[in-house]
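File shown here: my_file33.cif, holding mmCIF, N, CA and C atoms and all ligand atoms.
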data_coords
loop_
_atom_site.group_PDB
_atom_site.id
_atom_site.type_symbol
_atom_site.label_atom_id
_atom_site.label_comp_id
_atom_site.auth_asym_id
_atom_site.auth_seq_id
_atom_site.Cartn_x
_atom_site.Cartn_y
_atom_site.Cartn_z
ATOM 1 N N MET F 1 0.842 -1.206 0.000
ATOM 2 C CA MET F 1 0.000 0.000 0.000
ATOM 3 C C MET F 1 0.873 1.250 0.000
ATOM 4 N N VAL F 2 0.608 2.133 -0.934
ATOM 5 C CA VAL F 2 1.343 3.395 -1.001
ATOM 6 C C VAL F 2 0.461 4.488 -0.387
ATOM 7 N N THR F 3 0.978 5.159 0.625
ATOM 8 C CA THR F 3 0.199 6.223 1.244
ATOM 9 C C THR F 3 0.724 7.585 0.805
ATOM 10 N N ILE F 4 -0.167 8.368 0.218
ATOM 11 C CA ILE F 4 0.200 9.712 -0.234
ATOM 12 C C ILE F 4 -0.427 10.707 0.725
ATOM 13 N N GLN F 5 0.399 11.589 1.261
ATOM 14 C CA GLN F 5 -0.121 12.606 2.166
ATOM 15 C C GLN F 5 -0.210 13.924 1.420
ATOM 16 N N VAL F 6 -1.388 14.534 1.442
ATOM 17 C CA VAL F 6 -1.596 15.814 0.763
ATOM 18 C C VAL F 6 -1.911 16.864 1.817
ATOM 19 N N CYS F 7 -1.122 17.926 1.812
ATOM 20 C CA CYS F 7 -1.318 18.986 2.803
ATOM 21 C C CYS F 7 -2.606 19.755 2.525
ATOM 22 N N VAL F 8 -3.393 19.942 3.581
ATOM 23 C CA VAL F 8 -4.604 20.756 3.451
ATOM 24 C C VAL F 8 -4.514 21.971 4.380
ATOM 25 N N GLY F 9 -3.278 22.339 4.730
ATOM 26 C CA GLY F 9 -3.072 23.567 5.508
ATOM 27 C C GLY F 9 -3.512 24.752 4.660
ATOM 28 N N SER F 10 -3.557 25.945 5.251
ATOM 29 C CA SER F 10 -4.186 27.062 4.527
ATOM 30 C C SER F 10 -3.507 27.420 3.212
ATOM 31 N N ALA F 11 -2.173 27.477 3.182
ATOM 32 C CA ALA F 11 -1.498 27.843 1.930
ATOM 33 C C ALA F 11 -1.789 26.814 0.836
ATOM 34 N N CYS F 12 -1.713 25.565 1.199
ATOM 35 C CA CYS F 12 -1.946 24.496 0.212
ATOM 36 C C CYS F 12 -3.416 24.434 -0.188
ATOM 37 N N HIS F 13 -4.263 24.654 0.784
ATOM 38 C CA HIS F 13 -5.699 24.658 0.505
ATOM 39 C C HIS F 13 -6.025 25.701 -0.570
ATOM 40 N N LEU F 14 -5.428 26.892 -0.412
ATOM 41 C CA LEU F 14 -5.680 27.971 -1.388
ATOM 42 C C LEU F 14 -5.181 27.615 -2.776
ATOM 43 N N LYS F 15 -4.136 26.800 -2.833
ATOM 44 C CA LYS F 15 -3.573 26.436 -4.139
ATOM 45 C C LYS F 15 -4.245 25.189 -4.733
ATOM 46 N N GLY F 16 -5.239 24.641 -4.021
ATOM 47 C CA GLY F 16 -6.015 23.566 -4.629
ATOM 48 C C GLY F 16 -5.784 22.154 -4.092
ATOM 49 N N SER F 17 -5.484 22.047 -2.790
ATOM 50 C CA SER F 17 -5.299 20.711 -2.198
ATOM 51 C C SER F 17 -6.421 19.743 -2.538
ATOM 52 N N TYR F 18 -7.658 20.259 -2.423
ATOM 53 C CA TYR F 18 -8.775 19.335 -2.607
ATOM 54 C C TYR F 18 -8.901 18.872 -4.049
ATOM 55 N N ASN F 19 -8.515 19.742 -4.981
ATOM 56 C CA ASN F 19 -8.488 19.302 -6.381
ATOM 57 C C ASN F 19 -7.416 18.244 -6.581
ATOM 58 N N VAL F 20 -6.282 18.447 -5.914
ATOM 59 C CA VAL F 20 -5.190 17.472 -6.030
ATOM 60 C C VAL F 20 -5.655 16.117 -5.471
ATOM 61 N N ILE F 21 -6.338 16.152 -4.338
ATOM 62 C CA ILE F 21 -6.828 14.902 -3.737
ATOM 63 C C ILE F 21 -7.821 14.208 -4.674
ATOM 64 N N ASP F 22 -8.751 14.991 -5.221
ATOM 65 C CA ASP F 22 -9.743 14.407 -6.139
ATOM 66 C C ASP F 22 -9.069 13.801 -7.361
ATOM 67 N N GLU F 23 -8.128 14.555 -7.913
ATOM 68 C CA GLU F 23 -7.421 14.073 -9.101
ATOM 69 C C GLU F 23 -6.643 12.793 -8.798
ATOM 70 N N LEU F 24 -5.992 12.764 -7.651
ATOM 71 C CA LEU F 24 -5.212 11.574 -7.300
ATOM 72 C C LEU F 24 -6.125 10.359 -7.199
ATOM 73 N N SER F 25 -7.311 10.532 -6.590
ATOM 74 C CA SER F 25 -8.165 9.344 -6.497
ATOM 75 C C SER F 25 -8.737 8.960 -7.852
ATOM 76 N N GLU F 26 -9.002 9.954 -8.693
ATOM 77 C CA GLU F 26 -9.464 9.606 -10.043
ATOM 78 C C GLU F 26 -8.387 8.886 -10.834
ATOM 79 N N LEU F 27 -7.164 9.381 -10.725
ATOM 80 C CA LEU F 27 -6.059 8.753 -11.455
ATOM 81 C C LEU F 27 -5.839 7.324 -10.968
ATOM 82 N N ALA F 28 -5.929 7.140 -9.651
ATOM 83 C CA ALA F 28 -5.751 5.794 -9.099
ATOM 84 C C ALA F 28 -6.803 4.853 -9.686
ATOM 85 N N ALA F 29 -8.035 5.349 -9.790
ATOM 86 C CA ALA F 29 -9.116 4.532 -10.349
ATOM 87 C C ALA F 29 -8.873 4.283 -11.841
ATOM 88 N N ASP F 30 -8.463 5.329 -12.570
ATOM 89 C CA ASP F 30 -8.209 5.175 -14.007
ATOM 90 C C ASP F 30 -7.140 4.122 -14.286
ATOM 91 N N TYR F 31 -6.132 4.100 -13.430
ATOM 92 C CA TYR F 31 -5.052 3.143 -13.634
ATOM 93 C C TYR F 31 -5.328 1.806 -12.947
ATOM 94 N N GLY F 32 -6.479 1.699 -12.305
ATOM 95 C CA GLY F 32 -6.853 0.437 -11.670
ATOM 96 C C GLY F 32 -6.014 0.088 -10.451
ATOM 97 N N VAL F 33 -5.457 1.112 -9.793
ATOM 98 C CA VAL F 33 -4.619 0.828 -8.624
ATOM 99 C C VAL F 33 -5.229 1.411 -7.338
ATOM 100 N N GLU F 34 -6.528 1.677 -7.387
ATOM 101 C CA GLU F 34 -7.147 2.324 -6.221
ATOM 102 C C GLU F 34 -7.038 1.492 -4.935
ATOM 103 N N ASP F 35 -6.884 0.175 -5.082
ATOM 104 C CA ASP F 35 -6.740 -0.646 -3.879
ATOM 105 C C ASP F 35 -5.336 -0.592 -3.301
ATOM 106 N N SER F 36 -4.398 -0.045 -4.056
ATOM 107 C CA SER F 36 -3.007 -0.005 -3.597
ATOM 108 C C SER F 36 -2.554 1.392 -3.196
ATOM 109 N N VAL F 37 -3.444 2.358 -3.355
ATOM 110 C CA VAL F 37 -3.082 3.739 -3.046
ATOM 111 C C VAL F 37 -4.036 4.298 -2.002
ATOM 112 N N ARG F 38 -3.453 4.858 -0.969
ATOM 113 C CA ARG F 38 -4.274 5.477 0.068
ATOM 114 C C ARG F 38 -3.914 6.963 0.087
ATOM 115 N N ILE F 39 -4.923 7.817 0.086
ATOM 116 C CA ILE F 39 -4.666 9.256 0.069
ATOM 117 C C ILE F 39 -5.130 9.853 1.395
ATOM 118 N N ARG F 40 -4.233 10.559 2.035
ATOM 119 C CA ARG F 40 -4.534 11.128 3.345
ATOM 120 C C ARG F 40 -4.346 12.637 3.328
ATOM 121 N N ALA F 41 -5.278 13.362 3.906
ATOM 122 C CA ALA F 41 -5.106 14.803 4.079
ATOM 123 C C ALA F 41 -4.307 15.019 5.358
ATOM 124 N N VAL F 42 -3.294 15.862 5.284
ATOM 125 C CA VAL F 42 -2.486 16.140 6.479
ATOM 126 C C VAL F 42 -2.349 17.655 6.639
ATOM 127 N N PHE F 43 -1.913 18.080 7.807
ATOM 128 C CA PHE F 43 -1.734 19.509 8.025
ATOM 129 C C PHE F 43 -0.341 19.944 7.618
ATOM 130 N N CYS F 44 -0.106 21.229 7.729
ATOM 131 C CA CYS F 44 1.099 21.877 7.181
ATOM 132 C C CYS F 44 2.368 21.018 7.258
ATOM 133 N N LEU F 45 2.998 20.867 6.110
ATOM 134 C CA LEU F 45 4.224 20.076 6.014
ATOM 135 C C LEU F 45 5.461 20.976 6.031
ATOM 136 N N GLY F 46 5.246 22.266 6.253
ATOM 137 C CA GLY F 46 6.358 23.205 6.372
ATOM 138 C C GLY F 46 6.942 23.676 5.049
ATOM 139 N N HIS F 47 6.261 23.413 3.950
ATOM 140 C CA HIS F 47 6.743 23.849 2.638
ATOM 141 C C HIS F 47 5.677 24.718 1.968
ATOM 142 N N CYS F 48 5.132 25.651 2.742
ATOM 143 C CA CYS F 48 3.975 26.426 2.280
ATOM 144 C C CYS F 48 4.243 27.212 0.999
ATOM 145 N N THR F 49 5.502 27.636 0.786
ATOM 146 C CA THR F 49 5.775 28.467 -0.392
ATOM 147 C C THR F 49 5.713 27.660 -1.680
ATOM 148 N N THR F 50 5.797 26.346 -1.565
ATOM 149 C CA THR F 50 5.735 25.533 -2.785
ATOM 150 C C THR F 50 4.468 24.669 -2.794
ATOM 151 N N ALA F 51 3.417 25.218 -2.214
ATOM 152 C CA ALA F 51 2.139 24.502 -2.160
ATOM 153 C C ALA F 51 1.671 24.115 -3.574
ATOM 154 N N VAL F 52 1.020 23.034 -3.742
ATOM 155 C CA VAL F 52 0.481 22.108 -2.758
ATOM 156 C C VAL F 52 1.562 21.073 -2.384
ATOM 157 N N SER F 53 1.799 20.903 -1.114
ATOM 158 C CA SER F 53 2.815 19.961 -0.662
ATOM 159 C C SER F 53 2.247 18.551 -0.563
ATOM 160 N N VAL F 54 2.996 17.629 -1.150
ATOM 161 C CA VAL F 54 2.577 16.231 -1.170
ATOM 162 C C VAL F 54 3.791 15.380 -0.834
ATOM 163 N N LYS F 55 3.603 14.355 -0.019
ATOM 164 C CA LYS F 55 4.712 13.439 0.264
ATOM 165 C C LYS F 55 4.195 12.027 0.459
ATOM 166 N N PHE F 56 5.121 11.111 0.384
ATOM 167 C CA PHE F 56 4.765 9.729 0.690
ATOM 168 C C PHE F 56 4.989 9.517 2.177
ATOM 169 N N ALA F 57 4.092 8.806 2.831
ATOM 170 C CA ALA F 57 4.265 8.507 4.239
ATOM 171 C C ALA F 57 5.594 7.775 4.389
ATOM 172 N N GLU F 58 6.293 8.050 5.470
ATOM 173 C CA GLU F 58 7.565 7.394 5.772
ATOM 174 C C GLU F 58 8.710 7.840 4.870
ATOM 175 N N GLU F 59 8.503 8.885 4.087
ATOM 176 C CA GLU F 59 9.617 9.438 3.312
ATOM 177 C C GLU F 59 9.708 10.915 3.615
ATOM 178 N N GLU F 60 10.914 11.447 3.477
ATOM 179 C CA GLU F 60 11.122 12.848 3.846
ATOM 180 C C GLU F 60 10.801 13.815 2.717
ATOM 181 N N GLU F 61 11.053 13.398 1.481
ATOM 182 C CA GLU F 61 10.952 14.336 0.373
ATOM 183 C C GLU F 61 9.527 14.896 0.216
ATOM 184 N N VAL F 62 9.457 16.215 0.087
ATOM 185 C CA VAL F 62 8.154 16.861 -0.106
ATOM 186 C C VAL F 62 8.093 17.373 -1.543
ATOM 187 N N PHE F 63 7.063 16.983 -2.252
ATOM 188 C CA PHE F 63 6.896 17.378 -3.651
ATOM 189 C C PHE F 63 5.925 18.543 -3.736
ATOM 190 N N SER F 64 6.167 19.380 -4.729
ATOM 191 C CA SER F 64 5.242 20.473 -4.995
ATOM 192 C C SER F 64 4.361 20.033 -6.153
ATOM 193 N N VAL F 65 3.076 19.903 -5.886
ATOM 194 C CA VAL F 65 2.149 19.384 -6.903
ATOM 195 C C VAL F 65 0.999 20.381 -7.059
ATOM 196 N N SER F 66 0.596 20.635 -8.271
ATOM 197 C CA SER F 66 -0.562 21.513 -8.471
ATOM 198 C C SER F 66 -1.613 20.710 -9.226
ATOM 199 N N PRO F 67 -2.838 21.226 -9.276
ATOM 200 C CA PRO F 67 -3.847 20.492 -10.047
ATOM 201 C C PRO F 67 -3.395 20.255 -11.485
ATOM 202 N N LYS F 68 -2.499 21.134 -11.989
ATOM 203 C CA LYS F 68 -2.017 20.966 -13.364
ATOM 204 C C LYS F 68 -0.940 19.891 -13.497
ATOM 205 N N THR F 69 -0.153 19.705 -12.442
ATOM 206 C CA THR F 69 0.964 18.766 -12.553
ATOM 207 C C THR F 69 0.672 17.433 -11.864
ATOM 208 N N VAL F 70 -0.542 17.288 -11.340
ATOM 209 C CA VAL F 70 -0.829 16.100 -10.540
ATOM 210 C C VAL F 70 -0.750 14.805 -11.371
ATOM 211 N N LYS F 71 -1.139 14.910 -12.652
ATOM 212 C CA LYS F 71 -1.118 13.705 -13.491
ATOM 213 C C LYS F 71 0.336 13.236 -13.687
ATOM 214 N N GLU F 72 1.188 14.208 -13.985
ATOM 215 C CA GLU F 72 2.612 13.921 -14.161
ATOM 216 C C GLU F 72 3.195 13.311 -12.874
ATOM 217 N N PHE F 73 2.852 13.906 -11.738
ATOM 218 C CA PHE F 73 3.322 13.391 -10.454
ATOM 219 C C PHE F 73 2.873 11.951 -10.260
ATOM 220 N N PHE F 74 1.615 11.702 -10.581
ATOM 221 C CA PHE F 74 1.074 10.358 -10.396
ATOM 222 C C PHE F 74 1.811 9.346 -11.275
ATOM 223 N N GLU F 75 1.992 9.729 -12.541
ATOM 224 C CA GLU F 75 2.627 8.789 -13.472
ATOM 225 C C GLU F 75 4.108 8.577 -13.173
ATOM 226 N N GLU F 76 4.773 9.649 -12.758
ATOM 227 C CA GLU F 76 6.222 9.535 -12.563
ATOM 228 C C GLU F 76 6.641 9.069 -11.179
ATOM 229 N N LYS F 77 5.846 9.395 -10.177
ATOM 230 C CA LYS F 77 6.259 9.083 -8.803
ATOM 231 C C LYS F 77 5.397 8.007 -8.148
ATOM 232 N N VAL F 78 4.092 8.069 -8.374
ATOM 233 C CA VAL F 78 3.216 7.148 -7.650
ATOM 234 C C VAL F 78 3.185 5.766 -8.316
ATOM 235 N N LEU F 79 2.937 5.754 -9.625
ATOM 236 C CA LEU F 79 2.807 4.458 -10.306
ATOM 237 C C LEU F 79 4.038 3.556 -10.125
ATOM 238 N N PRO F 80 5.262 4.088 -10.317
ATOM 239 C CA PRO F 80 6.426 3.217 -10.126
ATOM 240 C C PRO F 80 6.470 2.630 -8.713
ATOM 241 N N LYS F 81 6.076 3.415 -7.723
ATOM 242 C CA LYS F 81 6.072 2.946 -6.342
ATOM 243 C C LYS F 81 5.046 1.838 -6.135
ATOM 244 N N VAL F 82 3.884 2.008 -6.745
ATOM 245 C CA VAL F 82 2.830 1.005 -6.621
ATOM 246 C C VAL F 82 3.331 -0.299 -7.235
ATOM 247 N N LYS F 83 3.956 -0.192 -8.410
ATOM 248 C CA LYS F 83 4.440 -1.398 -9.100
ATOM 249 C C LYS F 83 5.536 -2.079 -8.296
ATOM 250 N N GLN F 84 6.377 -1.262 -7.691
ATOM 251 C CA GLN F 84 7.472 -1.775 -6.875
ATOM 252 C C GLN F 84 6.943 -2.616 -5.704
ATOM 253 N N GLU F 85 5.798 -2.233 -5.203
ATOM 254 C CA GLU F 85 5.265 -2.911 -4.009
ATOM 255 C C GLU F 85 4.487 -4.180 -4.343
ATOM 256 N N VAL F 86 4.110 -4.303 -5.594
ATOM 257 C CA VAL F 86 3.267 -5.455 -5.973
ATOM 258 C C VAL F 86 4.106 -6.744 -5.962
HETATM 259 S S1 LIG C 1 0.153 24.784 4.346
HETATM 260 FE FE1 LIG C 1 0.826 23.146 3.133
HETATM 261 S S2 LIG C 1 2.924 23.024 3.571
HETATM 262 FE FE2 LIG C 1 2.218 24.601 4.859
#

Target format structure tokens, applied to this file:
Amino acid sequence: MVTIQVCVGSACHLKGSYNVIDELSELAADYGVEDSVRIRAVFCLGHCTTAVSVKFAEEEEVFSVSPKTVKEFFEEKVLPKVKQEV
């Protein structure tokens, strides 16, 4: 199971956290991996200037994802991780 944490703190919220969350769950469904991906809303990750902040649980790296780049993020970062875990 890959857990993606999406910041819903105020800066990230303004930049579209909820759109990012919706898109991530749609993408997971489109790729048929919804059972392997868990999406969690979390509070400020300390990277407010590069909102929307997204990270994988248990990893330090914080990614800057927007509703426009979420598909790219999913394909480049999430899918390989899901495949790795299968
Ligand atoms: S509000 Fe999202 S990182 Fe601070």

Hey, which of F:Gly46, F:Pro67, F:Gly16, F:Gly32 ends up closest to ligand LIG 1 (chain C)? Count only C-alpha atoms and all ligand atoms.
F:Gly46

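With a cut-off of 7 Å and using only N, CA and C atoms and all ligand atoms, the polymer residues contacting ligand LIG 1 (chain C) are Val6, Cys7, Val8, Gly9, Ser10, Ala11, Cys12, His13, Phe43, Cys44, Leu45, Gly46, His47, Cys48, Thr49, Thr50, Ala51, Val52 and Ser53 of chain F.
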
Output of the above residues as an mmCIF file, in the frame of the given file, restricted to N, CA and C atoms:
data_model
loop_
_atom_site.group_PDB
_atom_site.id
_atom_site.type_symbol
_atom_site.label_atom_id
_atom_site.label_comp_id
_atom_site.auth_asym_id
_atom_site.auth_seq_id
_atom_site.Cartn_x
_atom_site.Cartn_y
_atom_site.Cartn_z
ATOM 1 N N VAL F 6 -1.388 14.534 1.442
ATOM 2 C CA VAL F 6 -1.596 15.814 0.763
ATOM 3 C C VAL F 6 -1.911 16.864 1.817
ATOM 4 N N CYS F 7 -1.122 17.926 1.812
ATOM 5 C CA CYS F 7 -1.318 18.986 2.803
ATOM 6 C C CYS F 7 -2.606 19.755 2.525
ATOM 7 N N VAL F 8 -3.393 19.942 3.581
ATOM 8 C CA VAL F 8 -4.604 20.756 3.451
ATOM 9 C C VAL F 8 -4.514 21.971 4.380
ATOM 10 N N GLY F 9 -3.278 22.339 4.730
ATOM 11 C CA GLY F 9 -3.072 23.567 5.508
ATOM 12 C C GLY F 9 -3.512 24.752 4.660
ATOM 13 N N SER F 10 -3.557 25.945 5.251
ATOM 14 C CA SER F 10 -4.186 27.062 4.527
ATOM 15 C C SER F 10 -3.507 27.420 3.212
ATOM 16 N N ALA F 11 -2.173 27.477 3.182
ATOM 17 C CA ALA F 11 -1.498 27.843 1.930
ATOM 18 C C ALA F 11 -1.789 26.814 0.836
ATOM 19 N N CYS F 12 -1.713 25.565 1.199
ATOM 20 C CA CYS F 12 -1.946 24.496 0.212
ATOM 21 C C CYS F 12 -3.416 24.434 -0.188
ATOM 22 N N HIS F 13 -4.263 24.654 0.784
ATOM 23 C CA HIS F 13 -5.699 24.658 0.505
ATOM 24 C C HIS F 13 -6.025 25.701 -0.570
ATOM 25 N N PHE F 43 -1.913 18.080 7.807
ATOM 26 C CA PHE F 43 -1.734 19.509 8.025
ATOM 27 C C PHE F 43 -0.341 19.944 7.618
ATOM 28 N N CYS F 44 -0.106 21.229 7.729
ATOM 29 C CA CYS F 44 1.099 21.877 7.181
ATOM 30 C C CYS F 44 2.368 21.018 7.258
ATOM 31 N N LEU F 45 2.998 20.867 6.110
ATOM 32 C CA LEU F 45 4.224 20.076 6.014
ATOM 33 C C LEU F 45 5.461 20.976 6.031
ATOM 34 N N GLY F 46 5.246 22.266 6.253
ATOM 35 C CA GLY F 46 6.358 23.205 6.372
ATOM 36 C C GLY F 46 6.942 23.676 5.049
ATOM 37 N N HIS F 47 6.261 23.413 3.950
ATOM 38 C CA HIS F 47 6.743 23.849 2.638
ATOM 39 C C HIS F 47 5.677 24.718 1.968
ATOM 40 N N CYS F 48 5.132 25.651 2.742
ATOM 41 C CA CYS F 48 3.975 26.426 2.280
ATOM 42 C C CYS F 48 4.243 27.212 0.999
ATOM 43 N N THR F 49 5.502 27.636 0.786
ATOM 44 C CA THR F 49 5.775 28.467 -0.392
ATOM 45 C C THR F 49 5.713 27.660 -1.680
ATOM 46 N N THR F 50 5.797 26.346 -1.565
ATOM 47 C CA THR F 50 5.735 25.533 -2.785
ATOM 48 C C THR F 50 4.468 24.669 -2.794
ATOM 49 N N ALA F 51 3.417 25.218 -2.214
ATOM 50 C CA ALA F 51 2.139 24.502 -2.160
ATOM 51 C C ALA F 51 1.671 24.115 -3.574
ATOM 52 N N VAL F 52 1.020 23.034 -3.742
ATOM 53 C CA VAL F 52 0.481 22.108 -2.758
ATOM 54 C C VAL F 52 1.562 21.073 -2.384
ATOM 55 N N SER F 53 1.799 20.903 -1.114
ATOM 56 C CA SER F 53 2.815 19.961 -0.662
ATOM 57 C C SER F 53 2.247 18.551 -0.563
#

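Across the model, the gap from CA of Gln84 (chain F) to CA of Val42 (chain F) is 24.5 Å.
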
Each side padded by 5 Å, which centre and which edge lengths in Å (one decimal) define the axis-aligned box around the listed atoms of region 78-82 of chain F? Give them as lines of an AutoDock Vina configuration file.
center_x = 4.6
center_y = 3.9
center_z = -8.2
size_x = 13.7
size_y = 18.4
size_z = 14.2

Measuring atom to atom with only N, CA and C atoms, identify which of F:Leu27, F:Ile21, F:Glu76, F:Val70 is nearest to Ile39 (chain F).
F:Ile21

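Across the model, the gap from CA of Tyr31 (chain F) to CA of Glu75 (chain F) is 9.5 Å.
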
Here atom N of Phe74 (chain F) and atom N of Ala28 (chain F) stand apart by 8.9 Å

Just so the selection is clear, what residues does the PyMOL selection byres (((chain F and resi 57 and name CA) around 7) and not hetatm and name CA) cover here, as number ranges by chain?
F: 3-5, 55-56, 58-59

I'd like the contact shell of Val82 (chain F) - 9 Å cut-off, only C-alpha atoms, skipping same-chain residues fewer than 4 positions apart - returned as an NGL selection string.
:F and (1-2 or 33 or 36-37 or 78 or 86)

Based on the backbone DSSP call, show me all residues of chain F assigned alpha helix (DSSP H), as a ChimeraX atom specification.
/F:10-14,17-30,70-73,79-85

Save out the residues we just selected, N, CA and C atoms, as an mmCIF file, in the coordinates of the input.
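Written file, out.cif:
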data_model
loop_
_atom_site.group_PDB
_atom_site.id
_atom_site.type_symbol
_atom_site.label_atom_id
_atom_site.label_comp_id
_atom_site.auth_asym_id
_atom_site.auth_seq_id
_atom_site.Cartn_x
_atom_site.Cartn_y
_atom_site.Cartn_z
ATOM 1 N N SER F 10 -3.557 25.945 5.251
ATOM 2 C CA SER F 10 -4.186 27.062 4.527
ATOM 3 C C SER F 10 -3.507 27.420 3.212
ATOM 4 N N ALA F 11 -2.173 27.477 3.182
ATOM 5 C CA ALA F 11 -1.498 27.843 1.930
ATOM 6 C C ALA F 11 -1.789 26.814 0.836
ATOM 7 N N CYS F 12 -1.713 25.565 1.199
ATOM 8 C CA CYS F 12 -1.946 24.496 0.212
ATOM 9 C C CYS F 12 -3.416 24.434 -0.188
ATOM 10 N N HIS F 13 -4.263 24.654 0.784
ATOM 11 C CA HIS F 13 -5.699 24.658 0.505
ATOM 12 C C HIS F 13 -6.025 25.701 -0.570
ATOM 13 N N LEU F 14 -5.428 26.892 -0.412
ATOM 14 C CA LEU F 14 -5.680 27.971 -1.388
ATOM 15 C C LEU F 14 -5.181 27.615 -2.776
ATOM 16 N N SER F 17 -5.484 22.047 -2.790
ATOM 17 C CA SER F 17 -5.299 20.711 -2.198
ATOM 18 C C SER F 17 -6.421 19.743 -2.538
ATOM 19 N N TYR F 18 -7.658 20.259 -2.423
ATOM 20 C CA TYR F 18 -8.775 19.335 -2.607
ATOM 21 C C TYR F 18 -8.901 18.872 -4.049
ATOM 22 N N ASN F 19 -8.515 19.742 -4.981
ATOM 23 C CA ASN F 19 -8.488 19.302 -6.381
ATOM 24 C C ASN F 19 -7.416 18.244 -6.581
ATOM 25 N N VAL F 20 -6.282 18.447 -5.914
ATOM 26 C CA VAL F 20 -5.190 17.472 -6.030
ATOM 27 C C VAL F 20 -5.655 16.117 -5.471
ATOM 28 N N ILE F 21 -6.338 16.152 -4.338
ATOM 29 C CA ILE F 21 -6.828 14.902 -3.737
ATOM 30 C C ILE F 21 -7.821 14.208 -4.674
ATOM 31 N N ASP F 22 -8.751 14.991 -5.221
ATOM 32 C CA ASP F 22 -9.743 14.407 -6.139
ATOM 33 C C ASP F 22 -9.069 13.801 -7.361
ATOM 34 N N GLU F 23 -8.128 14.555 -7.913
ATOM 35 C CA GLU F 23 -7.421 14.073 -9.101
ATOM 36 C C GLU F 23 -6.643 12.793 -8.798
ATOM 37 N N LEU F 24 -5.992 12.764 -7.651
ATOM 38 C CA LEU F 24 -5.212 11.574 -7.300
ATOM 39 C C LEU F 24 -6.125 10.359 -7.199
ATOM 40 N N SER F 25 -7.311 10.532 -6.590
ATOM 41 C CA SER F 25 -8.165 9.344 -6.497
ATOM 42 C C SER F 25 -8.737 8.960 -7.852
ATOM 43 N N GLU F 26 -9.002 9.954 -8.693
ATOM 44 C CA GLU F 26 -9.464 9.606 -10.043
ATOM 45 C C GLU F 26 -8.387 8.886 -10.834
ATOM 46 N N LEU F 27 -7.164 9.381 -10.725
ATOM 47 C CA LEU F 27 -6.059 8.753 -11.455
ATOM 48 C C LEU F 27 -5.839 7.324 -10.968
ATOM 49 N N ALA F 28 -5.929 7.140 -9.651
ATOM 50 C CA ALA F 28 -5.751 5.794 -9.099
ATOM 51 C C ALA F 28 -6.803 4.853 -9.686
ATOM 52 N N ALA F 29 -8.035 5.349 -9.790
ATOM 53 C CA ALA F 29 -9.116 4.532 -10.349
ATOM 54 C C ALA F 29 -8.873 4.283 -11.841
ATOM 55 N N ASP F 30 -8.463 5.329 -12.570
ATOM 56 C CA ASP F 30 -8.209 5.175 -14.007
ATOM 57 C C ASP F 30 -7.140 4.122 -14.286
ATOM 58 N N VAL F 70 -0.542 17.288 -11.340
ATOM 59 C CA VAL F 70 -0.829 16.100 -10.540
ATOM 60 C C VAL F 70 -0.750 14.805 -11.371
ATOM 61 N N LYS F 71 -1.139 14.910 -12.652
ATOM 62 C CA LYS F 71 -1.118 13.705 -13.491
ATOM 63 C C LYS F 71 0.336 13.236 -13.687
ATOM 64 N N GLU F 72 1.188 14.208 -13.985
ATOM 65 C CA GLU F 72 2.612 13.921 -14.161
ATOM 66 C C GLU F 72 3.195 13.311 -12.874
ATOM 67 N N PHE F 73 2.852 13.906 -11.738
ATOM 68 C CA PHE F 73 3.322 13.391 -10.454
ATOM 69 C C PHE F 73 2.873 11.951 -10.260
ATOM 70 N N LEU F 79 2.937 5.754 -9.625
ATOM 71 C CA LEU F 79 2.807 4.458 -10.306
ATOM 72 C C LEU F 79 4.038 3.556 -10.125
ATOM 73 N N PRO F 80 5.262 4.088 -10.317
ATOM 74 C CA PRO F 80 6.426 3.217 -10.126
ATOM 75 C C PRO F 80 6.470 2.630 -8.713
ATOM 76 N N LYS F 81 6.076 3.415 -7.723
ATOM 77 C CA LYS F 81 6.072 2.946 -6.342
ATOM 78 C C LYS F 81 5.046 1.838 -6.135
ATOM 79 N N VAL F 82 3.884 2.008 -6.745
ATOM 80 C CA VAL F 82 2.830 1.005 -6.621
ATOM 81 C C VAL F 82 3.331 -0.299 -7.235
ATOM 82 N N LYS F 83 3.956 -0.192 -8.410
ATOM 83 C CA LYS F 83 4.440 -1.398 -9.100
ATOM 84 C C LYS F 83 5.536 -2.079 -8.296
ATOM 85 N N GLN F 84 6.377 -1.262 -7.691
ATOM 86 C CA GLN F 84 7.472 -1.775 -6.875
ATOM 87 C C GLN F 84 6.943 -2.616 -5.704
ATOM 88 N N GLU F 85 5.798 -2.233 -5.203
ATOM 89 C CA GLU F 85 5.265 -2.911 -4.009
ATOM 90 C C GLU F 85 4.487 -4.180 -4.343
#

List every residue of region 9-49 of chain F that DSSP, applied to the backbone of this structure, assigns to strand (DSSP E), and report them as a PDB file with N, CA and C atoms, in the coordinates of the input.
ATOM      1  N   VAL F  37      -3.444   2.358  -3.355  1.00  0.00           N
ATOM      2  CA  VAL F  37      -3.082   3.739  -3.046  1.00  0.00           C
ATOM      3  C   VAL F  37      -4.036   4.298  -2.002  1.00  0.00           C
ATOM      4  N   ARG F  38      -3.453   4.858  -0.969  1.00  0.00           N
ATOM      5  CA  ARG F  38      -4.274   5.477   0.068  1.00  0.00           C
ATOM      6  C   ARG F  38      -3.914   6.963   0.087  1.00  0.00           C
ATOM      7  N   ILE F  39      -4.923   7.817   0.086  1.00  0.00           N
ATOM      8  CA  ILE F  39      -4.666   9.256   0.069  1.00  0.00           C
ATOM      9  C   ILE F  39      -5.130   9.853   1.395  1.00  0.00           C
ATOM     10  N   ARG F  40      -4.233  10.559   2.035  1.00  0.00           N
ATOM     11  CA  ARG F  40      -4.534  11.128   3.345  1.00  0.00           C
ATOM     12  C   ARG F  40      -4.346  12.637   3.328  1.00  0.00           C
ATOM     13  N   ALA F  41      -5.278  13.362   3.906  1.00  0.00           N
ATOM     14  CA  ALA F  41      -5.106  14.803   4.079  1.00  0.00           C
ATOM     15  C   ALA F  41      -4.307  15.019   5.358  1.00  0.00           C
ATOM     16  N   VAL F  42      -3.294  15.862   5.284  1.00  0.00           N
ATOM     17  CA  VAL F  42      -2.486  16.140   6.479  1.00  0.00           C
ATOM     18  C   VAL F  42      -2.349  17.655   6.639  1.00  0.00           C
TER      19      VAL F  42
END

Counting only N, CA and C atoms, closest pick from F:Pro80, F:Ser25, F:Val20, F:Arg40 relative to Lys68 (chain F) is F:Val20
